[in-house]
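Participant: Would you mind keeping the following structure in view while I ask a few things?
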Amino acid sequence: MEESLHPLDNNQHSYVLVTGANSGLGFGTCCRLIDEFVSTRPSFQCLTLIPTTRDSRKSKDTVRRLEQHLERQSKRLDTPLHHRISLQPEQLDLTSINSIRTLSAKLDRNLPQLDAIICNAGYGGLAGINWPLVALGVLTDLKSAVTWPSSKIGIVGETTAPQRVSTDSAKDARGLSDTTPALGQVFTSNIFGHYILCHLLVPLLRASPDQGRIVFVSSLEPHPSHFDINDVQGLKSDKSYESSKRLTDILVLTSSLPGTKPFIQRFLSTTTSTPSHTACFASDGQDLGTGAPTPGIILADNEYQTSSDMSPKMYLCHPGICATSIVPLPLILTYAMMLVFYIARWLGSPWHTLTAYKGACAPVWLTLTDQEELEDMEQRDGKAKWGSCTDRAGYERVMRTVVEGWGLGGRMGEGELAKRKGTRPGTLAITKEDREDFEQLGRDCWSQMEALRVEWEARIKGE
């Protein structure tokens, strides 16, 4: 299998990694990526698709179903596709930093480059659903109730299994104890695990002819009220899923702003960071968003001055509203949910894509569209949250999404956003103060994320 990772001409061979590929949106993304690559790229270009799953059983099942999809497409097109599309399944547990490091080291040995990472894997952290609130919403404002639901009840304070850290004695010299602080389960599954993975894979991304792309998959649901900068991991919140997606939005949308540049440069640096060069560990127990005092990290603003032209590009998207296993429901309720989604679409909602395949429209578009075209659009109209959407007949396309505090592209003068189709009711036009606050929030988020990354890198390595 690994021989397929070394074609004669890497410029004609793309390598794309998709996390959480065994079901739902992840599997739909893999299928759509295969289909659109075959239909839009010349026949001499090849794709190595790297679907990641948590264990070998899921990995084998994913490959089996992807091969079946590939076979169906070959028959439909009346041409063999296996010489153009190869599958390289990998196992990855995003809640385990050691698992992330193991996979990144393996890929670094075996891959000549990595053209894109689609950060799709996610965990809902759902404790239950407020059914009376669901019924009230459906009866009073169905379209809004099933587009921006407020009825989900999240688990509060859920953490990952303890991370396996080095017992190197040097750890004590840096003020790092054997008892590691908690990491939020939803936070680590949805954003922090991807954050570390992407940082470790920067060298492979930079080897791509386009310097690589990182596509973060967010959600339509997050609202400013779901996120607290003093609880970045969402450990105190019953909206930890929405909190993690709001954090994702903030990080990506502010990733090209001057105020976040020092932290972006560190994140996208290929130089191994060590506490002695990138941070000093605070002795006053600075809170890094864990909900409890932990050894903190203070980062300077003038480190890792790298060229932004040679760095991977970050993009943000969401799948609209599609039926996936992230909200587990009995079969009869799943059918009822699908019916309500269809009704919402017929009532004019552009976001009810319903199926994972249609929901994959935006992430696949961001992965395969010409780099210059994407950069031109975001330079002209601002950095966007790109959403998968459909018309009433179900024909999918990609559309900019309004983000509270940012708007469509982070620019003033975008008009009355509340009147724009697909915008949350009550959304206000962006003011200069909103824009400044959003940039400052982005800077604070990037600072905390980099501090956590460096801290955990030191803990795992025992430095």
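Naming scheme: A, B, ... for chains in displayed order of the structure tokens; residues 1 onward per chain; ligands 1 onward as shown.
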Can you write out as CSV which residues of range 194-249 of chain A fall within 10 Å of range 385-390 of chain A, alongside each residue's closest atom pair and its distance in Å to one decimal, counting only C-alpha atoms and ordering rows by chain and ascending residue number?
Facilitator:
residue,atom,partner,partner_atom,distance
A:Phe216,CA,A:Lys385,CA,9.7
A:Val217,CA,A:Lys385,CA,9.5
A:Ser218,CA,A:Lys385,CA,8.6
A:Ser219,CA,A:Gly387,CA,8.8
A:Leu220,CA,A:Gly387,CA,8.1
A:Asp249,CA,A:Lys385,CA,7.6
Participant: Would you kindly return, as a ChimeraX atom specification, each protein, DNA or RNA residue with an atom no farther than 8 Å from any atom of Gln45 in chain A, considering only C-alpha atoms and excluding same-chain residues fewer than 2 positions away?
Facilitator: /A:12-14,41-43,47,84
Participant: Which residues, written as a ChimeraX atom specification, have at least one atom at most 10 Å from Pro350 in chain A, with only C-alpha atoms counted and residues fewer than 6 positions away on the same chain left out?
Facilitator: /A:147,320-321,344,387-392,394,396-397,399,421-423
Participant: Please produce a file of those selected residues containing N, CA, C and O atoms, as a PDB file, in the first residue's frame.
Facilitator:
ATOM      1  N   THR A 147     -32.543  25.262  12.347  1.00  0.00           N
ATOM      2  CA  THR A 147     -31.310  25.790  11.755  1.00  0.00           C
ATOM      3  C   THR A 147     -30.327  26.205  12.841  1.00  0.00           C
ATOM      4  O   THR A 147     -29.129  25.931  12.759  1.00  0.00           O
ATOM      5  N   GLY A 320     -23.645  23.021   6.425  1.00  0.00           N
ATOM      6  CA  GLY A 320     -25.069  23.276   6.507  1.00  0.00           C
ATOM      7  C   GLY A 320     -25.672  22.375   7.567  1.00  0.00           C
ATOM      8  O   GLY A 320     -25.020  22.004   8.551  1.00  0.00           O
ATOM      9  N   ILE A 321     -26.919  21.992   7.377  1.00  0.00           N
ATOM     10  CA  ILE A 321     -27.606  21.103   8.319  1.00  0.00           C
ATOM     11  C   ILE A 321     -27.844  19.772   7.622  1.00  0.00           C
ATOM     12  O   ILE A 321     -28.654  19.672   6.707  1.00  0.00           O
ATOM     13  N   ALA A 344     -38.173  22.605   6.196  1.00  0.00           N
ATOM     14  CA  ALA A 344     -37.393  23.833   6.366  1.00  0.00           C
ATOM     15  C   ALA A 344     -36.791  24.279   5.038  1.00  0.00           C
ATOM     16  O   ALA A 344     -36.779  25.475   4.717  1.00  0.00           O
ATOM     17  N   GLY A 387     -20.161  28.041   3.413  1.00  0.00           N
ATOM     18  CA  GLY A 387     -21.139  27.041   3.798  1.00  0.00           C
ATOM     19  C   GLY A 387     -21.694  26.261   2.624  1.00  0.00           C
ATOM     20  O   GLY A 387     -21.869  26.791   1.523  1.00  0.00           O
ATOM     21  N   SER A 388     -21.963  24.975   2.857  1.00  0.00           N
ATOM     22  CA  SER A 388     -22.688  24.169   1.869  1.00  0.00           C
ATOM     23  C   SER A 388     -24.171  24.531   1.969  1.00  0.00           C
ATOM     24  O   SER A 388     -24.739  24.549   3.058  1.00  0.00           O
ATOM     25  N   CYS A 389     -24.793  24.817   0.843  1.00  0.00           N
ATOM     26  CA  CYS A 389     -26.203  25.185   0.851  1.00  0.00           C
ATOM     27  C   CYS A 389     -26.887  24.588  -0.379  1.00  0.00           C
ATOM     28  O   CYS A 389     -26.225  24.081  -1.290  1.00  0.00           O
ATOM     29  N   THR A 390     -28.221  24.636  -0.393  1.00  0.00           N
ATOM     30  CA  THR A 390     -28.981  24.116  -1.528  1.00  0.00           C
ATOM     31  C   THR A 390     -30.145  25.054  -1.833  1.00  0.00           C
ATOM     32  O   THR A 390     -30.528  25.888  -1.012  1.00  0.00           O
ATOM     33  N   ASP A 391     -30.707  24.886  -3.026  1.00  0.00           N
ATOM     34  CA  ASP A 391     -31.976  25.553  -3.316  1.00  0.00           C
ATOM     35  C   ASP A 391     -33.104  24.614  -2.902  1.00  0.00           C
ATOM     36  O   ASP A 391     -32.873  23.541  -2.355  1.00  0.00           O
ATOM     37  N   ARG A 392     -34.335  25.004  -3.164  1.00  0.00           N
ATOM     38  CA  ARG A 392     -35.471  24.180  -2.744  1.00  0.00           C
ATOM     39  C   ARG A 392     -35.467  22.802  -3.401  1.00  0.00           C
ATOM     40  O   ARG A 392     -35.960  21.833  -2.838  1.00  0.00           O
ATOM     41  N   GLY A 394     -32.828  21.093  -3.997  1.00  0.00           N
ATOM     42  CA  GLY A 394     -31.739  20.291  -3.459  1.00  0.00           C
ATOM     43  C   GLY A 394     -30.433  20.380  -4.210  1.00  0.00           C
ATOM     44  O   GLY A 394     -29.506  19.616  -3.924  1.00  0.00           O
ATOM     45  N   GLU A 396     -26.934  21.671  -4.744  1.00  0.00           N
ATOM     46  CA  GLU A 396     -26.016  22.266  -3.789  1.00  0.00           C
ATOM     47  C   GLU A 396     -25.035  23.243  -4.435  1.00  0.00           C
ATOM     48  O   GLU A 396     -24.722  23.155  -5.623  1.00  0.00           O
ATOM     49  N   ARG A 397     -24.563  24.157  -3.603  1.00  0.00           N
ATOM     50  CA  ARG A 397     -23.552  25.132  -4.005  1.00  0.00           C
ATOM     51  C   ARG A 397     -22.865  25.626  -2.731  1.00  0.00           C
ATOM     52  O   ARG A 397     -23.174  25.177  -1.633  1.00  0.00           O
ATOM     53  N   MET A 399     -21.783  29.039  -0.350  1.00  0.00           N
ATOM     54  CA  MET A 399     -22.195  30.416  -0.092  1.00  0.00           C
ATOM     55  C   MET A 399     -21.500  30.943   1.164  1.00  0.00           C
ATOM     56  O   MET A 399     -21.267  30.205   2.120  1.00  0.00           O
ATOM     57  N   LYS A 421     -30.310  36.191   3.095  1.00  0.00           N
ATOM     58  CA  LYS A 421     -30.842  34.837   3.188  1.00  0.00           C
ATOM     59  C   LYS A 421     -29.878  33.929   3.946  1.00  0.00           C
ATOM     60  O   LYS A 421     -28.676  33.923   3.693  1.00  0.00           O
ATOM     61  N   GLY A 422     -30.432  33.181   4.895  1.00  0.00           N
ATOM     62  CA  GLY A 422     -29.618  32.243   5.651  1.00  0.00           C
ATOM     63  C   GLY A 422     -28.935  32.830   6.859  1.00  0.00           C
ATOM     64  O   GLY A 422     -28.088  32.171   7.471  1.00  0.00           O
ATOM     65  N   THR A 423     -29.310  34.057   7.246  1.00  0.00           N
ATOM     66  CA  THR A 423     -28.697  34.712   8.397  1.00  0.00           C
ATOM     67  C   THR A 423     -29.579  34.549   9.629  1.00  0.00           C
ATOM     68  O   THR A 423     -30.797  34.656   9.551  1.00  0.00           O
TER      69      THR A 423
END
Participant: Mind pulling up the distance from CA of Pro203 in chain A to CA of Ser269 in chain A?
Facilitator: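 If I compute the distance from CA of Ser269 in chain A to CA of Pro203 in chain A, I get 8.4 Å.
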Participant: Calculated over only C-alpha atoms, which of the candidates A:Val16, A:Met338, A:Leu77, A:Leu183 has the smallest distance to Ser39 in chain A?
Facilitator: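 Using only C-alpha atoms, Ser39 in chain A sits closest to A:Leu77.
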Participant: Could you list, with a cut-off of 9 Å and counting only C-alpha atoms, the residues of range 389-409 of chain A near range 429-438 of chain A, each shown with its nearest atom pair and the distance in Å rounded to one decimal, rows sorted by chain and ascending number, as a Markdown table?
Facilitator:
| residue | atom | partner | partner_atom | distance |
| --- | --- | --- | --- | --- |
| A:Glu404 | CA | A:Ile430 | CA | 8.2 |
| A:Gly405 | CA | A:Asp434 | CA | 5.5 |
| A:Trp406 | CA | A:Arg435 | CA | 6.3 |
| A:Gly407 | CA | A:Ile430 | CA | 6.2 |
Participant: Output C-alpha atoms of each residue in that selection to a file, as a PDB file, in the first residue's frame.
Facilitator:
ATOM      1  CA  GLU A 404     -21.706  37.335  14.410  1.00  0.00           C
ATOM      2  CA  GLY A 405     -19.016  39.909  15.135  1.00  0.00           C
ATOM      3  CA  TRP A 406     -17.340  39.323  11.763  1.00  0.00           C
ATOM      4  CA  GLY A 407     -20.059  39.513   9.130  1.00  0.00           C
TER       5      GLY A 407
END
Participant: Need to verify the contact set: range 48-55 of chain A, 6 Å, only C-alpha atoms, exclusion of same-chain residues closer than 5 positions in sequence. Can you return it as a VMD selection string?
Facilitator: chain A and resid 15 to 21 85 to 93
